[in-house]
$ cat work26.cif   # mmCIF, C-alpha atoms
data_work
loop_
_atom_site.group_PDB
_atom_site.id
_atom_site.type_symbol
_atom_site.label_atom_id
_atom_site.label_comp_id
_atom_site.auth_asym_id
_atom_site.auth_seq_id
_atom_site.Cartn_x
_atom_site.Cartn_y
_atom_site.Cartn_z
ATOM 1 C CA MET A 1 33.560 -166.158 -183.278
ATOM 2 C CA VAL A 2 37.078 -166.628 -181.880
ATOM 3 C CA ASP A 3 37.803 -169.154 -184.627
ATOM 4 C CA VAL A 4 36.668 -166.960 -187.523
ATOM 5 C CA GLY A 5 38.425 -163.954 -185.997
ATOM 6 C CA GLY A 6 41.657 -165.929 -185.830
ATOM 7 C CA ARG A 7 41.303 -166.969 -189.459
ATOM 8 C CA PHE A 8 40.899 -163.322 -190.471
ATOM 9 C CA PHE A 9 44.260 -162.484 -188.887
ATOM 10 C CA ASP A 10 45.783 -165.516 -190.659
ATOM 11 C CA LEU A 11 44.934 -163.954 -194.025
ATOM 12 C CA PRO A 12 47.791 -162.426 -196.057
ATOM 13 C CA LEU A 13 48.517 -158.804 -195.206
ATOM 14 C CA VAL A 14 47.424 -157.726 -198.687
ATOM 15 C CA GLU A 15 43.923 -158.995 -197.860
ATOM 16 C CA ARG A 16 43.757 -157.515 -194.356
ATOM 17 C CA GLU A 17 45.117 -154.105 -195.327
ATOM 18 C CA LYS A 18 42.142 -153.522 -197.640
ATOM 19 C CA HIS A 19 40.392 -152.433 -194.452
ATOM 20 C CA MET A 20 43.247 -150.348 -193.032
ATOM 21 C CA THR A 21 42.382 -146.747 -192.209
ATOM 22 C CA THR A 22 42.821 -144.198 -189.434
ATOM 23 C CA ASP A 23 39.314 -142.778 -190.046
ATOM 24 C CA MET A 24 37.429 -143.614 -186.851
ATOM 25 C CA THR A 25 34.028 -143.000 -188.472
ATOM 26 C CA THR A 26 34.243 -145.837 -191.027
ATOM 27 C CA PRO A 27 32.106 -149.010 -190.562
ATOM 28 C CA VAL A 28 35.189 -151.270 -190.650
ATOM 29 C CA ARG A 29 38.728 -150.485 -189.575
ATOM 30 C CA TYR A 30 41.819 -152.672 -189.464
ATOM 31 C CA GLY A 31 44.905 -151.403 -187.705
ATOM 32 C CA THR A 32 47.488 -151.812 -185.005
ATOM 33 C CA SER A 33 48.300 -150.438 -181.522
ATOM 34 C CA PHE A 34 45.753 -148.510 -179.389
ATOM 35 C CA ASN A 35 45.389 -144.984 -180.780
ATOM 36 C CA GLN A 36 47.295 -144.977 -184.059
ATOM 37 C CA THR A 37 47.244 -141.216 -184.448
ATOM 38 C CA LYS A 38 48.634 -140.467 -180.969
ATOM 39 C CA ASP A 39 50.708 -143.474 -179.809
ATOM 40 C CA GLY A 40 54.404 -142.626 -179.593
ATOM 41 C CA VAL A 41 55.248 -146.301 -179.132
ATOM 42 C CA PHE A 42 52.898 -148.801 -180.736
ATOM 43 C CA CYS A 43 51.255 -151.535 -178.684
ATOM 44 C CA TRP A 44 51.691 -155.219 -179.583
ATOM 45 C CA ARG A 45 48.205 -155.619 -181.013
ATOM 46 C CA ASP A 46 46.339 -155.857 -184.301
ATOM 47 C CA PHE A 47 42.618 -155.156 -184.367
ATOM 48 C CA LEU A 48 39.566 -155.299 -186.592
ATOM 49 C CA LYS A 49 36.779 -152.921 -185.548
ATOM 50 C CA LEU A 50 33.257 -153.339 -186.918
ATOM 51 C CA VAL A 51 30.322 -150.969 -186.509
ATOM 52 C CA CYS A 52 27.304 -153.266 -186.069
ATOM 53 C CA ASP A 53 24.376 -150.926 -186.639
ATOM 54 C CA PRO A 54 22.419 -150.286 -188.715
ATOM 55 C CA LEU A 55 23.368 -153.774 -189.888
ATOM 56 C CA PRO A 56 21.934 -153.609 -193.456
ATOM 57 C CA GLN A 57 24.037 -150.502 -194.133
ATOM 58 C CA VAL A 58 27.332 -151.603 -192.588
ATOM 59 C CA LEU A 59 27.364 -155.291 -193.551
ATOM 60 C CA PRO A 60 28.449 -154.736 -197.197
ATOM 61 C CA HIS A 61 31.595 -153.018 -195.860
ATOM 62 C CA TRP A 62 32.608 -155.898 -193.584
ATOM 63 C CA PRO A 63 35.344 -158.324 -194.696
ATOM 64 C CA SER A 64 34.129 -161.026 -197.072
ATOM 65 C CA SER A 65 37.097 -163.250 -196.202
ATOM 66 C CA PRO A 66 37.101 -165.760 -194.598
ATOM 67 C CA SER A 67 34.016 -166.865 -196.509
ATOM 68 C CA ASP A 68 31.946 -167.428 -193.335
ATOM 69 C CA PHE A 69 33.133 -164.249 -191.567
ATOM 70 C CA ARG A 70 30.007 -162.175 -192.145
ATOM 71 C CA GLU A 71 27.616 -165.007 -191.294
ATOM 72 C CA MET A 72 29.359 -165.860 -188.018
ATOM 73 C CA THR A 73 29.835 -162.241 -186.986
ATOM 74 C CA VAL A 74 26.226 -161.240 -187.671
ATOM 75 C CA LYS A 75 24.996 -164.116 -185.508
ATOM 76 C CA TYR A 76 27.420 -163.208 -182.753
ATOM 77 C CA SER A 77 26.540 -159.499 -182.810
ATOM 78 C CA LYS A 78 22.807 -160.233 -182.559
ATOM 79 C CA GLU A 79 23.251 -162.663 -179.651
ATOM 80 C CA THR A 80 25.490 -160.289 -177.702
ATOM 81 C CA LYS A 81 22.949 -157.483 -178.205
ATOM 82 C CA ILE A 82 20.268 -159.680 -176.597
ATOM 83 C CA LEU A 83 22.573 -160.369 -173.648
ATOM 84 C CA PHE A 84 23.384 -156.656 -173.337
ATOM 85 C CA ILE A 85 19.684 -155.767 -173.022
ATOM 86 C CA LYS A 86 19.203 -158.386 -170.293
ATOM 87 C CA LEU A 87 22.131 -156.918 -168.360
ATOM 88 C CA VAL A 88 20.838 -153.364 -168.839
ATOM 89 C CA GLU A 89 17.438 -154.335 -167.415
ATOM 90 C CA ALA A 90 19.139 -155.754 -164.318
ATOM 91 C CA ILE A 91 21.393 -152.701 -163.921
ATOM 92 C CA LEU A 92 18.491 -150.262 -164.254
ATOM 93 C CA GLU A 93 16.501 -152.255 -161.722
ATOM 94 C CA SER A 94 19.462 -152.116 -159.328
ATOM 95 C CA LEU A 95 19.459 -148.316 -159.693
ATOM 96 C CA GLY A 96 15.759 -148.168 -158.828
ATOM 97 C CA ILE A 97 14.655 -147.455 -162.395
ATOM 98 C CA ASN A 98 11.659 -149.706 -162.953
ATOM 99 C CA VAL A 99 12.069 -150.695 -166.628
ATOM 100 C CA ALA A 100 12.137 -154.403 -165.803
ATOM 101 C CA ALA A 101 8.729 -154.491 -164.129
ATOM 102 C CA LYS A 102 6.872 -157.635 -165.163
ATOM 103 C CA ASN A 103 3.569 -155.797 -164.796
ATOM 104 C CA LYS A 104 3.592 -153.306 -167.679
ATOM 105 C CA THR A 105 1.169 -151.049 -165.820
ATOM 106 C CA GLN A 106 3.984 -150.368 -163.334
ATOM 107 C CA GLN A 107 6.092 -148.859 -166.092
ATOM 108 C CA ASN A 108 5.665 -145.332 -167.329
ATOM 109 C CA ASP A 109 6.300 -143.966 -170.806
ATOM 110 C CA ASP A 110 9.726 -142.606 -169.819
ATOM 111 C CA ASP A 111 10.888 -146.055 -168.681
ATOM 112 C CA GLU A 112 9.714 -147.705 -171.899
ATOM 113 C CA GLU A 113 11.349 -144.998 -173.999
ATOM 114 C CA MET A 114 14.613 -145.430 -172.090
ATOM 115 C CA LEU A 115 14.711 -149.181 -172.702
ATOM 116 C CA LYS A 116 13.855 -148.614 -176.366
ATOM 117 C CA GLU A 117 16.885 -146.312 -176.623
ATOM 118 C CA PHE A 118 19.147 -149.103 -175.392
ATOM 119 C CA GLU A 119 17.522 -151.582 -177.778
ATOM 120 C CA ASP A 120 18.236 -149.164 -180.633
ATOM 121 C CA GLY A 121 21.678 -148.382 -179.249
ATOM 122 C CA SER A 122 25.131 -148.461 -180.745
ATOM 123 C CA GLN A 123 27.266 -151.570 -180.980
ATOM 124 C CA LEU A 124 30.932 -151.711 -181.953
ATOM 125 C CA MET A 125 32.821 -154.978 -182.152
ATOM 126 C CA ALA A 126 36.618 -155.139 -181.791
ATOM 127 C CA VAL A 127 38.387 -158.382 -182.676
ATOM 128 C CA ASN A 128 41.849 -158.195 -181.090
ATOM 129 C CA PHE A 129 44.918 -160.246 -182.017
ATOM 130 C CA TYR A 130 48.029 -160.234 -179.819
ATOM 131 C CA PRO A 131 50.942 -162.127 -181.469
ATOM 132 C CA PRO A 132 53.757 -163.656 -179.408
ATOM 133 C CA CYS A 133 56.130 -160.859 -178.422
ATOM 134 C CA PRO A 134 59.906 -161.499 -178.203
ATOM 135 C CA ASN A 135 60.253 -158.870 -175.434
ATOM 136 C CA PRO A 136 56.930 -158.785 -173.565
ATOM 137 C CA ASP A 137 58.372 -156.709 -170.714
ATOM 138 C CA LEU A 138 59.007 -153.797 -173.097
ATOM 139 C CA THR A 139 55.460 -153.235 -174.319
ATOM 140 C CA LEU A 140 51.762 -153.884 -173.701
ATOM 141 C CA GLY A 141 48.982 -155.353 -175.777
ATOM 142 C CA MET A 142 46.837 -152.386 -174.717
ATOM 143 C CA PRO A 143 47.686 -149.596 -172.239
ATOM 144 C CA PRO A 144 45.576 -148.863 -169.145
ATOM 145 C CA HIS A 145 42.219 -147.432 -170.225
ATOM 146 C CA SER A 146 38.496 -147.528 -169.548
ATOM 147 C CA ASP A 147 35.939 -148.289 -172.266
ATOM 148 C CA TYR A 148 33.948 -145.382 -173.643
ATOM 149 C CA GLY A 149 30.522 -147.059 -173.837
ATOM 150 C CA PHE A 150 27.933 -148.412 -171.391
ATOM 151 C CA LEU A 151 28.969 -152.081 -171.160
ATOM 152 C CA THR A 152 31.588 -154.198 -172.927
ATOM 153 C CA LEU A 153 31.036 -157.943 -173.317
ATOM 154 C CA LEU A 154 34.499 -159.468 -173.677
ATOM 155 C CA LEU A 155 35.077 -162.978 -174.975
ATOM 156 C CA GLN A 156 38.594 -164.348 -174.390
ATOM 157 C CA ASP A 157 40.366 -167.417 -175.683
ATOM 158 C CA GLU A 158 42.247 -169.627 -173.216
ATOM 159 C CA VAL A 159 45.373 -167.411 -173.047
ATOM 160 C CA GLU A 160 45.524 -164.977 -170.139
ATOM 161 C CA GLY A 161 46.496 -161.336 -170.639
ATOM 162 C CA LEU A 162 43.652 -159.113 -169.398
ATOM 163 C CA GLN A 163 44.313 -157.269 -166.133
ATOM 164 C CA VAL A 164 42.055 -154.908 -164.157
ATOM 165 C CA LYS A 165 43.091 -152.284 -161.619
ATOM 166 C CA CYS A 166 41.791 -153.156 -158.162
ATOM 167 C CA ASN A 167 42.888 -151.278 -155.019
ATOM 168 C CA ASP A 168 46.056 -150.003 -156.743
ATOM 169 C CA ASP A 169 47.020 -153.515 -157.872
ATOM 170 C CA TRP A 170 46.844 -155.066 -161.349
ATOM 171 C CA VAL A 171 44.862 -158.320 -161.147
ATOM 172 C CA THR A 172 45.011 -160.909 -163.938
ATOM 173 C CA ILE A 173 41.563 -162.088 -165.087
ATOM 174 C CA GLN A 174 41.848 -165.823 -165.688
ATOM 175 C CA PRO A 175 39.904 -166.882 -168.795
ATOM 176 C CA ILE A 176 36.843 -169.007 -168.004
ATOM 177 C CA PRO A 177 35.639 -171.191 -170.910
ATOM 178 C CA ASN A 178 32.264 -170.137 -172.369
ATOM 179 C CA ALA A 179 32.055 -167.047 -170.167
ATOM 180 C CA PHE A 180 32.074 -163.290 -170.750
ATOM 181 C CA VAL A 181 33.965 -160.634 -168.872
ATOM 182 C CA VAL A 182 31.585 -157.669 -168.509
ATOM 183 C CA ASN A 183 33.329 -154.309 -168.238
ATOM 184 C CA VAL A 184 31.509 -151.250 -166.918
ATOM 185 C CA GLY A 185 32.177 -148.345 -169.300
ATOM 186 C CA ASP A 186 32.372 -144.580 -168.889
ATOM 187 C CA HIS A 187 28.776 -144.093 -170.074
ATOM 188 C CA LEU A 188 27.398 -146.263 -167.286
ATOM 189 C CA GLU A 189 29.469 -144.363 -164.712
ATOM 190 C CA ILE A 190 28.009 -141.085 -166.015
ATOM 191 C CA PHE A 191 24.451 -142.446 -166.388
ATOM 192 C CA SER A 192 24.478 -143.874 -162.854
ATOM 193 C CA ASN A 193 25.986 -140.620 -161.514
ATOM 194 C CA GLY A 194 28.957 -142.540 -160.183
ATOM 195 C CA LYS A 195 27.141 -145.456 -158.552
ATOM 196 C CA TYR A 196 28.805 -147.770 -161.078
ATOM 197 C CA LYS A 197 32.498 -147.125 -161.801
ATOM 198 C CA SER A 198 34.073 -147.776 -165.180
ATOM 199 C CA VAL A 199 36.859 -150.316 -164.913
ATOM 200 C CA LEU A 200 40.484 -149.464 -165.644
ATOM 201 C CA HIS A 201 42.092 -152.357 -167.513
ATOM 202 C CA ARG A 202 45.091 -153.254 -169.674
ATOM 203 C CA VAL A 203 46.405 -156.203 -171.687
ATOM 204 C CA LEU A 204 49.748 -157.949 -171.241
ATOM 205 C CA VAL A 205 51.460 -159.970 -173.966
ATOM 206 C CA ASN A 206 53.699 -163.024 -173.731
ATOM 207 C CA SER A 207 56.560 -164.539 -175.722
ATOM 208 C CA LEU A 208 55.049 -167.974 -176.385
ATOM 209 C CA LYS A 209 51.390 -167.786 -177.369
ATOM 210 C CA SER A 210 49.176 -165.572 -179.475
ATOM 211 C CA ARG A 211 45.916 -164.401 -177.936
ATOM 212 C CA ILE A 212 42.534 -163.435 -179.397
ATOM 213 C CA SER A 213 39.697 -161.570 -177.732
ATOM 214 C CA VAL A 214 36.401 -160.236 -179.051
ATOM 215 C CA ALA A 215 35.042 -157.114 -177.396
ATOM 216 C CA SER A 216 31.434 -156.118 -178.062
ATOM 217 C CA LEU A 217 30.988 -152.516 -176.917
ATOM 218 C CA HIS A 218 27.409 -151.381 -176.344
ATOM 219 C CA SER A 219 25.835 -148.045 -175.496
ATOM 220 C CA LEU A 220 23.036 -145.655 -176.375
ATOM 221 C CA PRO A 221 22.757 -144.492 -180.025
ATOM 222 C CA PHE A 222 25.798 -142.615 -181.380
ATOM 223 C CA ASN A 223 23.811 -139.352 -181.577
ATOM 224 C CA SER A 224 22.537 -139.545 -177.991
ATOM 225 C CA ILE A 225 23.472 -137.161 -175.209
ATOM 226 C CA ILE A 226 24.957 -139.137 -172.315
ATOM 227 C CA LYS A 227 24.134 -137.663 -168.918
ATOM 228 C CA PRO A 228 23.215 -138.767 -165.397
ATOM 229 C CA SER A 229 19.721 -140.249 -165.310
ATOM 230 C CA PRO A 230 17.231 -137.576 -164.100
ATOM 231 C CA LYS A 231 15.732 -140.300 -161.876
ATOM 232 C CA LEU A 232 18.969 -140.358 -159.872
ATOM 233 C CA ILE A 233 19.394 -136.586 -159.458
ATOM 234 C CA SER A 234 18.012 -134.557 -156.558
ATOM 235 C CA GLU A 235 18.950 -131.625 -154.332
ATOM 236 C CA THR A 236 20.779 -134.005 -152.033
ATOM 237 C CA ASN A 237 22.304 -136.000 -154.896
ATOM 238 C CA PRO A 238 23.371 -133.446 -157.542
ATOM 239 C CA SER A 239 24.772 -134.322 -160.952
ATOM 240 C CA LEU A 240 28.485 -135.144 -160.824
ATOM 241 C CA TYR A 241 29.134 -135.236 -164.584
ATOM 242 C CA LYS A 242 28.745 -132.986 -167.612
ATOM 243 C CA ASP A 243 26.630 -134.077 -170.552
ATOM 244 C CA THR A 244 28.669 -135.653 -173.341
ATOM 245 C CA ASN A 245 28.297 -137.299 -176.741
ATOM 246 C CA PHE A 246 30.210 -139.429 -179.206
ATOM 247 C CA ALA A 247 31.400 -136.453 -181.242
ATOM 248 C CA ALA A 248 33.110 -134.962 -178.175
ATOM 249 C CA PHE A 249 34.866 -138.272 -177.567
ATOM 250 C CA LEU A 250 36.150 -138.475 -181.159
ATOM 251 C CA GLU A 251 37.500 -134.929 -180.922
ATOM 252 C CA TYR A 252 39.232 -135.847 -177.681
ATOM 253 C CA LEU A 253 40.869 -138.894 -179.292
ATOM 254 C CA LYS A 254 42.283 -136.755 -182.091
ATOM 255 C CA SER A 255 43.984 -134.317 -179.756
ATOM 256 C CA CYS A 256 44.650 -135.961 -176.407
ATOM 257 C CA ASP A 257 46.022 -139.016 -174.667
ATOM 258 C CA SER A 258 43.102 -141.429 -174.256
ATOM 259 C CA THR A 259 44.756 -143.840 -171.820
ATOM 260 C CA ASN A 260 43.700 -144.363 -168.205
ATOM 261 C CA LYS A 261 40.334 -142.658 -167.526
ATOM 262 C CA SER A 262 41.442 -139.349 -168.964
ATOM 263 C CA PHE A 263 38.329 -138.602 -171.051
ATOM 264 C CA LEU A 264 36.002 -139.385 -168.154
ATOM 265 C CA GLU A 265 37.983 -137.037 -165.936
ATOM 266 C CA THR A 266 37.151 -134.166 -168.327
ATOM 267 C CA ARG A 267 33.437 -134.906 -167.842
ATOM 268 C CA LYS A 268 33.433 -134.562 -164.054
ATOM 269 C CA LEU A 269 31.888 -131.500 -162.456
ATOM 270 C CA THR A 270 33.623 -131.914 -159.100
#

$ encode --input "work26.cif" --output "structure tokens"
Amino acid sequence: MVDVGGRFFDLPLVEREKHMTTDMTTPVRYGTSFNQTKDGVFCWRDFLKLVCDPLPQVLPHWPSSPSDFREMTVKYSKETKILFIKLVEAILESLGINVAAKNKTQQNDDDEEMLKEFEDGSQLMAVNFYPPCPNPDLTLGMPPHSDYGFLTLLLQDEVEGLQVKCNDDWVTIQPIPNAFVVNVGDHLEIFSNGKYKSVLHRVLVNSLKSRISVASLHSLPFNSIIKPSPKLISETNPSLYKDTNFAAFLEYLKSCDSTNKSFLETRKLT
């Protein structure tokens, strides 16, 4: 996946710009920076974003060059979806929601319906390319932000650049071969009523090496209402977040600064 993503960014600009648009609802979008419509200073990053579901409808819109791009990316998207579901089962079990019970009689209809929603959920893939930057101290590959979805499975090449905020310090995440970085997103923070916290992260650039990463962002279906799980709410543990949906997020992106955890802050009740 890293290889075919790199070869896409090696294509002539005339080929890549066929997919250039600022319309965030399209199934494929090539562009630069972080939020093209709001960034005063552009970030040192090119990206290709692919909506991955429903696959039969979006696939004809995906790039056909390189020649093996669609084949490799379809395989990768399906495998990451399987991994996402395994992680969701473990997370729900950790929250005391019994969807992962081996004995099906222990599950109730609500649990099965919840897991089915994740299986039918949204998936957006972002292939990121960070070229060498002559003045890396003057810009970022991506500004500090949290991911909007439930979980992000991030595949990095061997070049470091990702940093996460931990106890007021920025910590560089060293790439580990054949491993994913799993980022908790805003939806999981809301769904868990704050038990899981979405991670604030950014990307640095360097003057010597280009860097490629592939982020697979997963959540509930685009038309779902995201809210704290009713199983986690009680008189002693009230809801801490407003209900939200994808449409509200898109409207926020059009009008506001989406760096840091600014959108999530607008969803908090306290």

$ atom_distance --input "work26.cif" --atom1 "atom CA of Phe118 of chain A" --atom2 "atom CA of Val88 of chain A"
8.0 Å

$ resolve_selection --input "work26.cif" --expression "the PyMOL selection byres ((chain A and resi 115) around 10)" --output "PyMOL selection string"
chain A and resi 85+88-89+92+99-100+110-114+116-121+220

$ resolve_selection --input "work26.cif" --expression "the PyMOL selection byres ((chain A and resi 268) around 9)" --output "compact mmCIF listing (two decimals) with C-alpha atoms, keeping the file's coordinate frame"
# COMPACT_ATOMS: atom_id res chain seq x y z
CA ILE A 190 28.01 -141.08 -166.02
CA LEU A 240 28.48 -135.14 -160.82
CA TYR A 241 29.13 -135.24 -164.58
CA LYS A 242 28.74 -132.99 -167.61
CA LEU A 264 36.00 -139.38 -168.15
CA GLU A 265 37.98 -137.04 -165.94
CA THR A 266 37.15 -134.17 -168.33
CA ARG A 267 33.44 -134.91 -167.84
CA LEU A 269 31.89 -131.50 -162.46
CA THR A 270 33.62 -131.91 -159.10

$ resolve_selection --input "work26.cif" --expression "the PyMOL selection byres ((chain A and resi 221) around 12)" --output "VMD selection string"
chain A and resid 51 to 54 114 to 124 149 to 150 187 217 to 220 222 to 226 245 to 247

$ residues_around --input "work26.cif" --residues "Val4 of chain A" --least-positions-apart "6" --cutoff "9 Å" --atoms "only C-alpha atoms" --output "compact mmCIF listing (two decimals) with C-alpha atoms, in the frame of the given file"
# COMPACT_ATOMS: atom_id res chain seq x y z
CA PRO A 66 37.10 -165.76 -194.60
CA ASP A 68 31.95 -167.43 -193.34
CA PHE A 69 33.13 -164.25 -191.57
CA MET A 72 29.36 -165.86 -188.02
CA THR A 73 29.84 -162.24 -186.99

$ residues_around --input "work26.cif" --residues "segment 144-148 of chain A" --least-positions-apart "6" --cutoff "6 Å" --atoms "all atoms listed in the file" --output "PyMOL selection string"
chain A and resi 185-186+199-202+259-261

$ atom_distance --input "work26.cif" --atom1 "atom CA of Ile97 of chain A" --atom2 "atom CA of Ser192 of chain A"
10.5 Å

$ residues_around --input "work26.cif" --residues "Arg70 of chain A" --least-positions-apart "4" --cutoff "12 Å" --atoms "only C-alpha atoms" --output "mmCIF file with C-alpha atoms, in the frame of the given file"
data_model
loop_
_atom_site.group_PDB
_atom_site.id
_atom_site.type_symbol
_atom_site.label_atom_id
_atom_site.label_comp_id
_atom_site.auth_asym_id
_atom_site.auth_seq_id
_atom_site.Cartn_x
_atom_site.Cartn_y
_atom_site.Cartn_z
ATOM 1 C CA MET A 1 33.560 -166.158 -183.278
ATOM 2 C CA VAL A 4 36.668 -166.960 -187.523
ATOM 3 C CA GLY A 5 38.425 -163.954 -185.997
ATOM 4 C CA PHE A 8 40.899 -163.322 -190.471
ATOM 5 C CA LEU A 50 33.257 -153.339 -186.918
ATOM 6 C CA CYS A 52 27.304 -153.266 -186.069
ATOM 7 C CA LEU A 55 23.368 -153.774 -189.888
ATOM 8 C CA PRO A 56 21.934 -153.609 -193.456
ATOM 9 C CA VAL A 58 27.332 -151.603 -192.588
ATOM 10 C CA LEU A 59 27.364 -155.291 -193.551
ATOM 11 C CA PRO A 60 28.449 -154.736 -197.197
ATOM 12 C CA HIS A 61 31.595 -153.018 -195.860
ATOM 13 C CA TRP A 62 32.608 -155.898 -193.584
ATOM 14 C CA PRO A 63 35.344 -158.324 -194.696
ATOM 15 C CA SER A 64 34.129 -161.026 -197.072
ATOM 16 C CA SER A 65 37.097 -163.250 -196.202
ATOM 17 C CA PRO A 66 37.101 -165.760 -194.598
ATOM 18 C CA VAL A 74 26.226 -161.240 -187.671
ATOM 19 C CA LYS A 75 24.996 -164.116 -185.508
ATOM 20 C CA TYR A 76 27.420 -163.208 -182.753
ATOM 21 C CA SER A 77 26.540 -159.499 -182.810
#

$ residues_around --input "work26.cif" --residues "segment 209-216 of chain A" --least-positions-apart "3" --cutoff "10 Å" --atoms "all atoms listed in the file" --output "PyMOL selection string"
chain A and resi 1-3+5-6+9+45-52+76-77+80-81+84+123-133+141+151-162+180-183+205-206

$ axis_aligned_box --input "work26.cif" --around "segment 145-160 of chain A" --padding-each-side "4 Å" --output "lines of an AutoDock Vina configuration file"
center_x = 36.7
center_y = -157.5
center_z = -172.6
size_x = 25.6
size_y = 32.2
size_z = 14.1

$ decode --input "work26.cif" --residues "segment 213-225 of chain A" --atoms "N, CA, C and O atoms" --output "PDB file, in the first residue's frame"
ATOM      1  N   SER A 213       2.452   8.189   4.602  1.00  0.00           N
ATOM      2  CA  SER A 213       1.648   7.456   5.582  1.00  0.00           C
ATOM      3  C   SER A 213       0.283   7.172   4.959  1.00  0.00           C
ATOM      4  O   SER A 213      -0.161   7.878   4.051  1.00  0.00           O
ATOM      5  N   VAL A 214      -0.354   6.128   5.466  1.00  0.00           N
ATOM      6  CA  VAL A 214      -1.693   5.759   4.998  1.00  0.00           C
ATOM      7  C   VAL A 214      -2.590   5.659   6.228  1.00  0.00           C
ATOM      8  O   VAL A 214      -2.384   4.799   7.087  1.00  0.00           O
ATOM      9  N   ALA A 215      -3.550   6.563   6.306  1.00  0.00           N
ATOM     10  CA  ALA A 215      -4.472   6.582   7.434  1.00  0.00           C
ATOM     11  C   ALA A 215      -5.817   6.008   6.992  1.00  0.00           C
ATOM     12  O   ALA A 215      -6.408   6.475   6.022  1.00  0.00           O
ATOM     13  N   SER A 216      -6.286   4.998   7.713  1.00  0.00           N
ATOM     14  CA  SER A 216      -7.589   4.407   7.450  1.00  0.00           C
ATOM     15  C   SER A 216      -8.502   4.787   8.609  1.00  0.00           C
ATOM     16  O   SER A 216      -8.334   4.296   9.728  1.00  0.00           O
ATOM     17  N   LEU A 217      -9.436   5.700   8.334  1.00  0.00           N
ATOM     18  CA  LEU A 217     -10.296   6.262   9.379  1.00  0.00           C
ATOM     19  C   LEU A 217     -11.644   5.539   9.370  1.00  0.00           C
ATOM     20  O   LEU A 217     -12.332   5.508   8.344  1.00  0.00           O
ATOM     21  N   HIS A 218     -11.997   4.981  10.510  1.00  0.00           N
ATOM     22  CA  HIS A 218     -13.199   4.152  10.622  1.00  0.00           C
ATOM     23  C   HIS A 218     -14.154   4.724  11.652  1.00  0.00           C
ATOM     24  O   HIS A 218     -13.737   5.240  12.687  1.00  0.00           O
ATOM     25  N   SER A 219     -15.462   4.585  11.370  1.00  0.00           N
ATOM     26  CA  SER A 219     -16.466   4.970  12.348  1.00  0.00           C
ATOM     27  C   SER A 219     -17.790   4.300  12.011  1.00  0.00           C
ATOM     28  O   SER A 219     -17.843   3.388  11.179  1.00  0.00           O
ATOM     29  N   LEU A 220     -18.851   4.747  12.666  1.00  0.00           N
ATOM     30  CA  LEU A 220     -20.191   4.302  12.352  1.00  0.00           C
ATOM     31  C   LEU A 220     -20.599   4.866  10.986  1.00  0.00           C
ATOM     32  O   LEU A 220     -19.901   5.724  10.436  1.00  0.00           O
ATOM     33  N   PRO A 221     -21.702   4.419  10.401  1.00  0.00           N
ATOM     34  CA  PRO A 221     -22.126   4.939   9.096  1.00  0.00           C
ATOM     35  C   PRO A 221     -22.245   6.470   9.096  1.00  0.00           C
ATOM     36  O   PRO A 221     -22.538   7.088  10.130  1.00  0.00           O
ATOM     37  N   PHE A 222     -22.016   7.071   7.920  1.00  0.00           N
ATOM     38  CA  PHE A 222     -22.010   8.533   7.801  1.00  0.00           C
ATOM     39  C   PHE A 222     -23.320   9.163   8.296  1.00  0.00           C
ATOM     40  O   PHE A 222     -23.317  10.288   8.787  1.00  0.00           O
ATOM     41  N   ASN A 223     -24.437   8.452   8.159  1.00  0.00           N
ATOM     42  CA  ASN A 223     -25.730   9.020   8.550  1.00  0.00           C
ATOM     43  C   ASN A 223     -26.104   8.714   9.994  1.00  0.00           C
ATOM     44  O   ASN A 223     -27.222   9.010  10.427  1.00  0.00           O
ATOM     45  N   SER A 224     -25.195   8.136  10.755  1.00  0.00           N
ATOM     46  CA  SER A 224     -25.490   7.776  12.144  1.00  0.00           C
ATOM     47  C   SER A 224     -25.411   8.990  13.070  1.00  0.00           C
ATOM     48  O   SER A 224     -24.670   9.942  12.813  1.00  0.00           O
ATOM     49  N   ILE A 225     -26.163   8.924  14.141  1.00  0.00           N
ATOM     50  CA  ILE A 225     -26.036   9.893  15.230  1.00  0.00           C
ATOM     51  C   ILE A 225     -25.010   9.349  16.210  1.00  0.00           C
ATOM     52  O   ILE A 225     -25.137   8.219  16.691  1.00  0.00           O
TER      53      ILE A 225
END
